[in-house]
$ cat run-v3.cif   # mmCIF, C-alpha atoms and all ligand atoms
data_my_file
#
loop_
_atom_site.label_atom_id
_atom_site.label_comp_id
_atom_site.auth_asym_id
_atom_site.auth_seq_id
_atom_site.Cartn_x
_atom_site.Cartn_y
_atom_site.Cartn_z
CA MET O 1 -46.98 266.53 36.09
CA SER O 2 -45.78 270.06 36.49
CA GLN O 3 -42.39 270.10 34.93
CA THR O 4 -40.45 272.53 32.84
CA GLU O 5 -38.73 271.69 29.57
CA THR O 6 -35.18 272.82 30.10
CA PRO O 7 -32.34 273.48 27.69
CA GLU O 8 -29.89 270.65 27.37
CA ASN O 9 -27.43 270.33 30.23
CA GLU O 10 -29.21 272.95 32.36
CA THR O 11 -29.74 272.00 35.96
CA TYR O 12 -33.35 272.20 37.06
CA ASP O 13 -33.66 273.68 40.46
CA SER O 14 -36.10 276.49 39.84
CA ASP O 15 -38.34 275.54 42.75
CA GLY O 16 -35.35 275.40 45.06
CA GLN O 17 -36.69 272.24 46.65
CA ARG O 18 -35.07 269.37 44.88
CA GLY O 19 -31.42 270.22 45.18
CA PRO O 20 -28.66 270.13 42.64
CA SER O 21 -28.86 266.37 41.94
CA THR O 22 -32.14 266.71 40.01
CA SER O 23 -30.64 267.92 36.75
CA ARG O 24 -33.32 267.34 34.16
CA ARG O 25 -31.39 266.10 31.22
CA ASN O 26 -32.72 264.61 28.02
CA PHE O 27 -30.96 261.26 28.20
CA LEU O 28 -32.25 260.25 24.79
CA GLN O 29 -30.44 263.12 23.14
CA LEU O 30 -27.31 262.24 25.03
CA ALA O 31 -27.59 258.60 23.95
CA ALA O 32 -27.52 259.47 20.25
CA GLY O 33 -24.16 258.38 18.97
CA ALA O 34 -22.73 257.76 22.42
CA ALA O 35 -20.74 254.62 23.10
CA ALA O 36 -22.67 251.80 24.76
CA GLY O 37 -23.21 252.36 28.44
CA THR O 38 -21.46 255.71 28.66
CA VAL O 39 -24.60 257.80 29.11
CA ILE O 40 -25.92 255.54 31.84
CA THR O 41 -22.60 255.49 33.66
CA GLN O 42 -21.81 259.14 33.23
CA TYR O 43 -25.24 260.42 34.19
CA SER O 44 -26.25 257.84 36.78
CA THR O 45 -26.80 260.54 39.41
CA GLU O 46 -29.17 262.45 37.18
CA ILE O 47 -30.93 259.27 36.05
CA SER O 48 -31.37 258.29 39.69
CA ALA O 49 -32.85 261.71 40.39
CA ALA O 50 -35.37 261.22 37.59
CA PHE O 51 -36.51 257.88 39.04
CA GLU O 52 -36.58 259.26 42.56
CA GLN O 53 -39.50 261.42 41.49
CA VAL O 54 -41.47 258.18 41.39
CA THR O 55 -40.03 256.66 44.54
CA ASN O 56 -40.68 259.83 46.56
CA GLY O 57 -44.28 259.94 45.36
CA GLU O 58 -44.05 263.00 43.09
CA LEU O 59 -44.88 261.07 39.93
CA ASP O 60 -46.94 257.96 39.24
CA VAL O 61 -46.10 255.16 36.82
CA VAL O 62 -48.52 252.39 35.84
CA TRP O 63 -47.36 249.32 33.87
CA LEU O 64 -50.08 247.18 32.25
CA GLN O 65 -49.66 243.83 30.53
CA GLY O 66 -51.90 242.76 27.66
CA GLN O 67 -51.16 239.75 25.48
CA ALA O 68 -47.57 239.49 26.62
CA CYS O 69 -45.09 236.77 27.46
CA THR O 70 -43.59 239.07 30.14
CA GLY O 71 -40.33 238.91 28.23
CA CYS O 72 -40.13 242.70 28.10
CA THR O 73 -40.52 242.94 31.88
CA ILE O 74 -37.83 240.30 32.29
CA SER O 75 -35.55 242.18 29.90
CA VAL O 76 -35.94 245.36 31.95
CA LEU O 77 -35.43 243.51 35.22
CA GLN O 78 -32.27 241.91 33.87
CA GLY O 79 -30.76 245.23 32.81
CA GLN O 80 -27.32 245.60 34.37
CA TYR O 81 -26.94 249.00 35.99
CA PRO O 82 -24.74 248.62 39.07
CA SER O 83 -24.66 252.38 39.64
CA LEU O 84 -28.47 252.51 39.58
CA GLU O 85 -29.25 249.27 41.37
CA GLU O 86 -30.68 250.82 44.50
CA VAL O 87 -32.91 253.41 42.91
CA LEU O 88 -34.20 250.95 40.30
CA SER O 89 -35.07 248.42 43.01
CA GLU O 90 -37.08 251.09 44.78
CA PHE O 91 -38.61 252.27 41.53
CA ARG O 92 -39.88 248.77 40.78
CA LEU O 93 -41.61 248.66 44.14
CA ASP O 94 -43.08 252.11 43.73
CA VAL O 95 -44.65 251.63 40.31
CA THR O 96 -48.27 252.01 41.38
CA PHE O 97 -49.26 248.98 39.34
CA HIS O 98 -47.22 246.23 37.70
CA PRO O 99 -48.80 242.78 37.69
CA THR O 100 -45.48 240.95 37.75
CA ILE O 101 -43.39 242.82 40.27
CA MET O 102 -45.66 244.76 42.62
CA PRO O 103 -45.88 243.39 46.16
CA GLU O 104 -49.67 243.73 46.39
CA ALA O 105 -52.09 241.26 44.83
CA GLY O 106 -55.82 241.09 44.12
CA GLU O 107 -58.06 244.01 45.06
CA PRO O 108 -55.34 245.99 46.92
CA ALA O 109 -53.24 245.89 43.76
CA ILE O 110 -56.04 247.35 41.65
CA GLU O 111 -56.77 249.97 44.29
CA ALA O 112 -53.10 251.00 44.32
CA MET O 113 -53.22 251.81 40.62
CA SER O 114 -53.12 255.51 39.84
CA ASP O 115 -56.04 256.55 37.63
CA GLU O 116 -54.09 259.56 36.34
CA PRO O 117 -50.58 258.23 35.81
CA ASP O 118 -47.77 260.51 34.78
CA VAL O 119 -46.40 257.65 32.73
CA LEU O 120 -48.48 254.74 31.43
CA ILE O 121 -46.41 251.82 30.19
CA VAL O 122 -48.08 249.01 28.28
CA GLU O 123 -46.47 245.66 27.49
CA GLY O 124 -48.18 243.18 25.18
CA SER O 125 -50.78 243.60 22.47
CA ILE O 126 -54.42 244.46 23.08
CA PRO O 127 -57.00 241.90 21.91
CA MET O 128 -59.94 243.70 20.29
CA ASP O 129 -61.96 240.78 18.87
CA ILE O 130 -61.70 238.65 22.00
CA PRO O 131 -61.25 241.30 24.72
CA GLU O 132 -61.41 238.72 27.49
CA ALA O 133 -58.13 237.25 26.16
CA ALA O 134 -56.35 239.82 28.34
CA THR O 135 -58.01 241.13 31.49
CA VAL O 136 -57.07 242.47 34.88
CA GLY O 137 -59.35 243.19 37.82
CA THR O 138 -63.12 243.41 37.53
CA THR O 139 -65.75 245.84 36.32
CA ALA O 140 -68.47 247.31 38.55
CA ASP O 141 -70.61 244.31 37.48
CA GLY O 142 -68.03 241.88 38.75
CA GLU O 143 -66.98 240.84 35.25
CA SER O 144 -63.33 240.53 34.27
CA LYS O 145 -62.17 243.90 32.99
CA PRO O 146 -60.58 243.76 29.54
CA MET O 147 -57.24 245.41 28.97
CA VAL O 148 -58.71 247.51 26.18
CA ASP O 149 -60.96 249.20 28.73
CA TRP O 150 -58.01 249.96 31.00
CA VAL O 151 -56.05 251.43 28.11
CA MET O 152 -58.95 253.55 26.90
CA GLU O 153 -59.48 254.88 30.44
CA LEU O 154 -55.91 255.51 31.48
CA ALA O 155 -54.16 256.62 28.29
CA PRO O 156 -56.07 259.92 27.91
CA GLU O 157 -55.32 260.70 31.56
CA SER O 158 -51.59 260.04 31.20
CA GLU O 159 -48.90 262.59 30.55
CA TYR O 160 -46.87 260.05 28.57
CA VAL O 161 -47.83 256.67 27.14
CA ILE O 162 -45.04 254.21 26.34
CA ALA O 163 -45.47 250.91 24.49
CA VAL O 164 -42.70 248.49 25.43
CA GLY O 165 -41.94 245.67 23.03
CA ASN O 166 -43.17 244.88 19.55
CA CYS O 167 -46.51 243.52 20.81
CA ALA O 168 -47.61 246.77 22.43
CA SER O 169 -46.06 248.88 19.67
CA PHE O 170 -47.25 247.07 16.55
CA GLY O 171 -49.16 243.92 17.57
CA GLY O 172 -46.14 241.60 17.58
CA TRP O 173 -46.57 237.88 17.18
CA PRO O 174 -50.08 237.79 18.77
CA ALA O 175 -51.16 239.71 15.64
CA ALA O 176 -49.48 237.23 13.27
CA GLU O 177 -51.33 235.85 10.27
CA ASN O 178 -50.75 232.21 11.19
CA LYS O 179 -49.69 231.62 7.59
CA ARG O 180 -49.28 227.90 8.05
CA ASN O 181 -52.73 227.68 9.67
CA LEU O 182 -51.46 225.88 12.72
CA HIS O 183 -54.22 224.13 14.68
CA ASP O 184 -56.71 225.25 12.01
CA LEU O 185 -56.87 228.66 13.63
CA GLY O 186 -57.25 231.72 11.47
CA ALA O 187 -55.14 234.84 11.32
CA ASN O 188 -54.78 236.95 14.46
CA ILE O 189 -57.87 235.41 16.03
CA THR O 190 -57.89 237.68 19.08
CA GLY O 191 -57.71 240.82 16.95
CA ALA O 192 -54.42 241.78 18.59
CA ARG O 193 -53.26 245.34 17.98
CA GLY O 194 -50.64 247.68 19.23
CA LEU O 195 -51.59 250.83 21.08
CA GLN O 196 -51.46 253.09 18.06
CA PHE O 197 -50.30 250.83 15.24
CA GLU O 198 -51.30 247.50 13.78
CA LYS O 199 -48.18 246.46 11.95
CA ARG O 200 -47.31 249.43 9.73
CA GLU O 201 -50.78 250.99 9.77
CA GLU O 202 -52.02 253.47 12.34
CA ARG O 203 -54.92 251.22 13.25
CA GLY O 204 -54.03 250.66 16.86
CA VAL O 205 -56.38 250.67 19.81
CA LEU O 206 -56.05 254.38 20.56
CA GLY O 207 -56.38 255.51 16.95
CA PRO O 208 -54.09 257.69 14.84
CA ASP O 209 -55.10 261.00 16.44
CA PHE O 210 -54.40 260.04 20.03
CA THR O 211 -52.02 262.23 21.96
CA SER O 212 -51.19 262.05 25.63
CA GLY O 213 -51.16 264.96 28.07
CA ALA O 214 -47.71 265.96 26.85
CA ASP O 215 -49.18 266.24 23.33
CA LEU O 216 -47.28 263.19 22.14
CA PRO O 217 -48.41 260.01 20.41
CA VAL O 218 -47.63 256.70 22.06
CA ILE O 219 -43.85 256.34 22.29
CA ASN O 220 -43.05 252.97 20.74
CA LEU O 221 -40.09 251.06 22.15
CA ALA O 222 -40.15 248.10 19.79
CA GLY O 223 -38.13 244.94 20.15
CA CYS O 224 -38.89 241.38 21.14
CA PRO O 225 -38.02 241.88 23.84
CA VAL O 226 -37.36 245.58 24.24
CA HIS O 227 -33.78 246.57 25.08
CA PRO O 228 -33.59 247.50 28.78
CA ASP O 229 -31.58 250.66 28.02
CA TYR O 230 -34.36 251.90 25.75
CA VAL O 231 -36.86 251.64 28.60
CA LEU O 232 -34.56 253.05 31.26
CA LEU O 233 -33.42 256.07 29.26
CA THR O 234 -36.86 256.82 27.81
CA ILE O 235 -38.60 256.69 31.19
CA ALA O 236 -35.86 258.82 32.76
CA THR O 237 -36.18 261.32 29.92
CA VAL O 238 -39.96 261.72 30.09
CA LEU O 239 -39.89 261.81 33.89
CA ASN O 240 -37.71 264.87 33.37
CA GLY O 241 -40.42 266.39 31.21
CA HIS O 242 -38.61 266.12 27.88
CA VAL O 243 -40.20 265.28 24.56
CA PRO O 244 -38.37 262.52 22.70
CA GLU O 245 -37.75 262.98 18.99
CA LEU O 246 -39.64 260.20 17.22
CA ASP O 247 -39.42 258.52 13.80
CA GLU O 248 -42.34 257.70 11.50
CA TYR O 249 -43.33 254.76 13.70
CA ASN O 250 -43.06 256.87 16.83
CA ARG O 251 -39.84 255.22 17.99
CA PRO O 252 -37.20 257.45 19.62
CA LYS O 253 -34.78 258.33 16.85
CA PRO O 254 -31.57 258.00 18.85
CA PHE O 255 -32.22 254.28 19.29
CA TYR O 256 -33.92 253.41 16.01
CA GLU O 257 -31.92 255.29 13.35
CA PRO O 258 -28.97 252.96 12.61
CA LEU O 259 -29.52 250.19 10.08
CA VAL O 260 -28.46 246.79 11.40
CA HIS O 261 -27.05 245.84 7.99
CA ASP O 262 -24.73 248.90 8.00
CA ASN O 263 -23.14 247.93 11.30
CA CYS O 264 -23.11 244.16 11.02
CA PRO O 265 -19.90 242.28 11.86
CA LEU O 266 -20.69 239.98 8.91
CA ARG O 267 -21.02 242.80 6.42
CA GLY O 268 -17.72 241.95 4.78
CA TYR O 269 -19.13 238.57 3.77
CA PHE O 270 -22.18 240.25 2.26
CA ASP O 271 -20.08 242.67 0.25
CA ARG O 272 -17.97 239.78 -1.08
CA GLY O 273 -21.04 237.68 -1.86
CA GLU O 274 -20.17 234.97 0.64
CA PHE O 275 -23.32 233.54 2.16
CA ALA O 276 -24.02 230.89 4.80
CA GLU O 277 -26.24 228.16 3.36
CA LYS O 278 -27.41 226.91 6.73
CA PRO O 279 -27.08 227.88 10.40
CA GLY O 280 -23.50 227.43 11.57
CA ASP O 281 -21.95 228.06 8.17
CA GLU O 282 -19.52 230.89 7.68
CA GLY O 283 -20.77 233.93 5.81
CA CYS O 284 -23.48 236.55 5.67
CA LEU O 285 -26.75 235.16 7.04
CA ILE O 286 -29.11 236.60 4.44
CA LYS O 287 -29.94 233.16 3.04
CA THR O 288 -30.86 231.93 6.50
CA GLY O 289 -33.43 234.67 7.00
CA CYS O 290 -31.48 237.72 8.15
CA ALA O 291 -33.68 240.82 8.31
CA GLY O 292 -30.76 243.16 8.97
CA PRO O 293 -31.23 245.06 5.69
CA TYR O 294 -34.73 246.09 6.83
CA THR O 295 -34.21 246.65 10.54
CA TYR O 296 -33.32 249.83 12.36
CA CYS O 297 -31.87 249.90 15.87
CA ASP O 298 -28.57 250.62 17.57
CA ASP O 299 -28.13 247.13 19.03
CA GLN O 300 -25.02 246.47 16.96
CA SER O 301 -23.18 249.13 18.94
CA ARG O 302 -25.19 249.09 22.18
CA LEU O 303 -25.11 245.28 22.51
CA TRP O 304 -27.06 243.34 25.14
CA ASN O 305 -26.34 241.92 28.58
CA ASP O 306 -24.24 244.80 29.77
CA GLY O 307 -22.43 245.24 26.47
CA THR O 308 -21.68 241.55 25.99
CA SER O 309 -23.08 240.58 22.60
CA VAL O 310 -25.96 240.71 20.12
CA CYS O 311 -27.72 238.25 17.76
CA LEU O 312 -25.43 238.64 14.74
CA ASN O 313 -22.29 238.34 16.87
CA VAL O 314 -23.26 234.79 17.79
CA GLY O 315 -24.39 233.50 14.41
CA ALA O 316 -28.10 234.23 14.80
CA PRO O 317 -29.74 236.14 11.94
CA CYS O 318 -31.50 239.38 12.78
CA ILE O 319 -35.22 238.54 12.91
CA GLY O 320 -36.41 242.13 12.54
CA CYS O 321 -38.07 242.37 15.95
CA MET O 322 -37.64 246.15 16.12
CA GLU O 323 -39.81 246.69 13.05
CA PRO O 324 -43.55 247.08 12.48
CA GLY O 325 -44.84 244.01 10.68
CA PHE O 326 -42.59 241.64 12.62
CA TRP O 327 -43.50 238.71 12.61
CA ASP O 328 -45.27 238.18 9.31
CA ARG O 329 -43.02 240.51 7.37
CA PHE O 330 -40.00 238.33 8.03
CA ALA O 331 -41.52 234.88 8.60
CA PRO O 332 -40.57 232.06 8.27
CA LEU O 333 -37.70 233.48 10.26
CA ASP O 334 -35.16 230.92 9.05
CA GLU O 335 -35.72 231.41 5.33
CA GLU O 336 -34.42 234.02 2.96
CA ILE O 337 -36.61 237.11 2.91
CA GLU O 338 -38.01 238.37 -0.33
CA ARG O 339 -36.85 241.87 -1.06
CA GLN O 340 -39.45 244.28 0.13
CA SER O 341 -40.31 247.90 0.38
CA PHE O 342 -43.20 249.95 1.64
CA PHE O 343 -44.63 249.86 -1.88
CA GLY O 344 -43.95 246.22 -2.70
CA PRO O 345 -40.88 244.22 -3.54
CA VAL O 346 -37.98 245.90 -5.28
CA THR O 347 -35.42 244.16 -7.37
CA ALA O 348 -31.71 244.84 -7.13
CA GLU O 349 -31.96 246.78 -10.34
CA GLN O 350 -34.83 248.92 -9.08
CA ALA O 351 -33.07 249.48 -5.80
CA GLY O 352 -29.97 250.61 -7.61
CA TRP O 353 -31.99 252.99 -9.74
CA ALA O 354 -33.69 254.33 -6.63
CA GLY O 355 -30.33 255.02 -5.06
CA LEU O 356 -28.94 256.71 -8.16
CA ALA O 357 -32.10 258.72 -8.76
CA ALA O 358 -32.15 259.92 -5.19
CA ALA O 359 -28.54 260.93 -5.38
CA GLY O 360 -29.45 262.95 -8.47
CA VAL O 361 -32.12 264.94 -6.64
CA GLY O 362 -30.16 265.27 -3.45
CA ILE O 363 -31.99 262.78 -1.24
CA GLY O 364 -29.75 261.18 1.35
CA ALA O 365 -28.97 257.49 1.15
CA HIS O 366 -30.61 256.98 4.51
CA ALA O 367 -33.88 258.45 3.27
CA VAL O 368 -33.72 256.21 0.23
CA ARG O 369 -33.30 253.13 2.36
CA LYS O 370 -36.24 254.19 4.51
CA ALA O 371 -38.37 254.85 1.45
CA THR O 372 -37.58 251.60 -0.28
CA GLY O 373 -37.28 249.55 2.86
CA TYR O 374 -34.17 248.11 1.29
CA GLY O 375 -31.07 248.29 3.32
CA SER O 376 -27.94 248.64 1.34
CA PHE O 377 -26.61 249.31 -2.09
CA GLY O 378 -23.08 249.09 -3.33
CA GLU O 379 -20.98 252.20 -3.70
CA ASP O 380 -21.99 252.45 -7.32
CA GLY O 381 -25.67 251.98 -6.62
CA GLU O 382 -25.67 248.30 -7.55
CA GLN O 383 -26.54 245.56 -5.14
CA PRO O 384 -23.42 243.53 -4.40
CA THR O 385 -23.57 239.96 -5.59
CA SER O 386 -26.36 238.42 -3.61
CA THR O 387 -28.24 235.21 -3.57
CA THR O 388 -31.49 237.16 -3.41
CA ASP O 389 -32.09 237.05 -7.11
CA THR O 390 -35.75 237.89 -7.21
CA GLN O 391 -36.86 235.74 -10.11
CA GLU O 392 -34.84 232.75 -9.04
CA SER O 393 -36.06 233.06 -5.49
CA ALA O 394 -39.65 233.52 -6.53
CA ASP O 395 -39.52 230.43 -8.71
CA GLU O 396 -38.42 228.38 -5.77
CA ARG O 397 -41.15 229.59 -3.47
CA THR O 398 -44.43 228.05 -2.77
CA SER O 399 -47.36 230.40 -3.06
CA ASP O 400 -47.66 230.34 0.71
CA GLU O 401 -44.09 231.40 1.22
CA ALA O 402 -44.45 234.14 -1.32
CA THR O 403 -46.93 235.85 0.99
CA LYS O 404 -43.99 236.87 3.13
CA GLU O 405 -44.01 240.07 1.16
CA GLU O 406 -46.42 242.70 2.31
S1 LIG B 1 -42.52 241.99 22.52
FE1 LIG B 1 -41.70 239.88 22.65
S2 LIG B 1 -40.77 239.76 24.69
FE2 LIG B 1 -42.15 241.56 24.73
S3 LIG B 1 -44.13 240.78 25.49
FE3 LIG B 1 -44.20 240.64 23.24
S4 LIG B 1 -43.52 238.53 22.78
FE4 LIG B 1 -42.89 238.96 24.90
S1 LIG B 2 -27.72 240.51 5.58
FE1 LIG B 2 -27.64 240.22 7.81
S2 LIG B 2 -25.84 238.91 8.19
FE2 LIG B 2 -25.66 239.77 6.11
S3 LIG B 2 -24.47 241.64 6.38
FE3 LIG B 2 -26.61 242.25 6.44
S4 LIG B 2 -27.15 242.24 8.59
FE4 LIG B 2 -25.24 241.08 8.41
#

$ encode --input "run-v3.cif" --output "structure tokens"
Amino acid sequence: MSQTETPENETYDSDGQRGPSTSRRNFLQLAAGAAAGTVITQYSTEISAAFEQVTNGELDVVWLQGQACTGCTISVLQGQYPSLEEVLSEFRLDVTFHPTIMPEAGEPAIEAMSDEPDVLIVEGSIPMDIPEAATVGTTADGESKPMVDWVMELAPESEYVIAVGNCASFGGWPAAENKRNLHDLGANITGARGLQFEKREERGVLGPDFTSGADLPVINLAGCPVHPDYVLLTIATVLNGHVPELDEYNRPKPFYEPLVHDNCPLRGYFDRGEFAEKPGDEGCLIKTGCAGPYTYCDDQSRLWNDGTSVCLNVGAPCIGCMEPGFWDRFAPLDEEIERQSFFGPVTAEQAGWAGLAAAGVGIGAHAVRKATGYGSFGEDGEQPTSTTDTQESADERTSDEATKEE
């Protein structure tokens, strides 16, 4: 890719060949704080121009699937972008390889795959202990070629590598511990990992030091599935040669900064200590497994299905699918989650002290929440009345359930 990083809002036409419609904007920066859908609507011409670089053959995109349910592909295909419909339809056909949507099949499909993609997108986790659990094509010996081999070959040759969904980012549910030992299988029997992370550790397939041609780690677009806007705007941004600003888990900050708990429509119930005891009850859903206090994404404002709704708007607790460690960290998904932090569980009292101490040394409340992994404190630093009394909860747990904490 021979592109030039340009200042925000500057039209890129330095080669005089692409015309004025190829403004190379950083759509991720524009998305930060913008109302749902406005960036996509307002900049549809520029977004189209970014994707046209693929459809006109300037840039190559490869999309691989490891241990995936294809839900992330479906999510992206279902994205509602009337103003971009035509270019996205062409883009889907011009991705040099995508096992679900490309028109070719078999050997021609493999041959169509670029071996030096500008953008490599991976959906699904990568099985390391049983590599043949996810394969595509064949090796020179005629054996099925494991996905790990494809990733190790293509990622270093790619300008940008994007993991879509929690599986490719952090391992997702294929990496789950199988705490209840269903079918007498052990934990994570395929050795599923994300591209650069395994849960919260940088033990992914590519290792912690991997950087792509653009000198970036894998860009993680977590979610189960991923939000279609996250994929659309991230691809359009990197196709324009921009470097996304990433958080500590390599997720683009504009999408993964807001705390679900801070923007929840049920927050009033939480603050008043009114909790639903079972699904369908009125109240905050923390007792029915809500992971909103630990989960960062802008879904509460962005919404899904063309701005229609989101989990908490329809009585479904947040299950934490944007976070590393989902699924084990929040499972069983319908039971109250033990308080947790990166360093172990924190009690309300400890959390309050953390908030007050941080205020004393000038650390922002957001940084405190990130550090403790605990989402919200009252104005005075005390946790509002909550049913998550640590001792009481712990007494009620079986030893198996207690392993929910990491
Ligand atoms: S992240 Fe979820 S939706 Fe996407 S492939 Fe994995 S299981 Fe399917
Ligand atoms: S715990 Fe969940 S349901 Fe309750 S306010 Fe927070 S995000 Fe909303």

$ residues_around --input "run-v3.cif" --residues "region 291-306 of chain O" --least-positions-apart "2" --cutoff "8 Å" --atoms "all atoms listed in the file" --output "VMD selection string"
chain O and resid 35 to 37 78 to 81 227 255 to 264 286 289 308 to 310 317 to 323 330 337 373 to 376

$ atom_distance --input "run-v3.cif" --atom1 "CA of Leu285 (chain O)" --atom2 "atom FE3 of ligand LIG 2 (chain B)"
7.1 Å

$ atom_distance --input "run-v3.cif" --atom1 "CA of Val161 (chain O)" --atom2 "CA of Ile110 (chain O)"
19.1 Å

$ closest_residue --input "run-v3.cif" --among "O:Val314, O:Leu221, O:Val164, O:Val54" --to "Leu246 (chain O)" --atoms "all atoms listed in the file"
O:Leu221

$ residues_near_ligand --input "run-v3.cif" --ligand "ligand LIG 1 (chain B)" --cutoff "9 Å" --atoms "all atoms listed in the file" --output "JSON, numbers by chain"
{"O": [65, 66, 67, 68, 69, 70, 71, 72, 73, 74, 75, 123, 124, 125, 164, 165, 166, 167, 168, 169, 171, 172, 173, 174, 222, 223, 224, 225, 226, 321]}

$ atom_distance --input "run-v3.cif" --atom1 "CA of Pro127 (chain O)" --atom2 "CA of Asn188 (chain O)"
9.2 Å

$ closest_residue --input "run-v3.cif" --among "O:Leu84, O:Ala187, O:Trp63, O:Ala192" --to "Gln42 (chain O)" --atoms "all atoms listed in the file"
O:Leu84

$ closest_residue --input "run-v3.cif" --among "O:Ser48, O:Thr190, O:Thr135, O:Asn313" --to "ligand LIG 2 (chain B)" --atoms "all atoms listed in the file"
O:Asn313
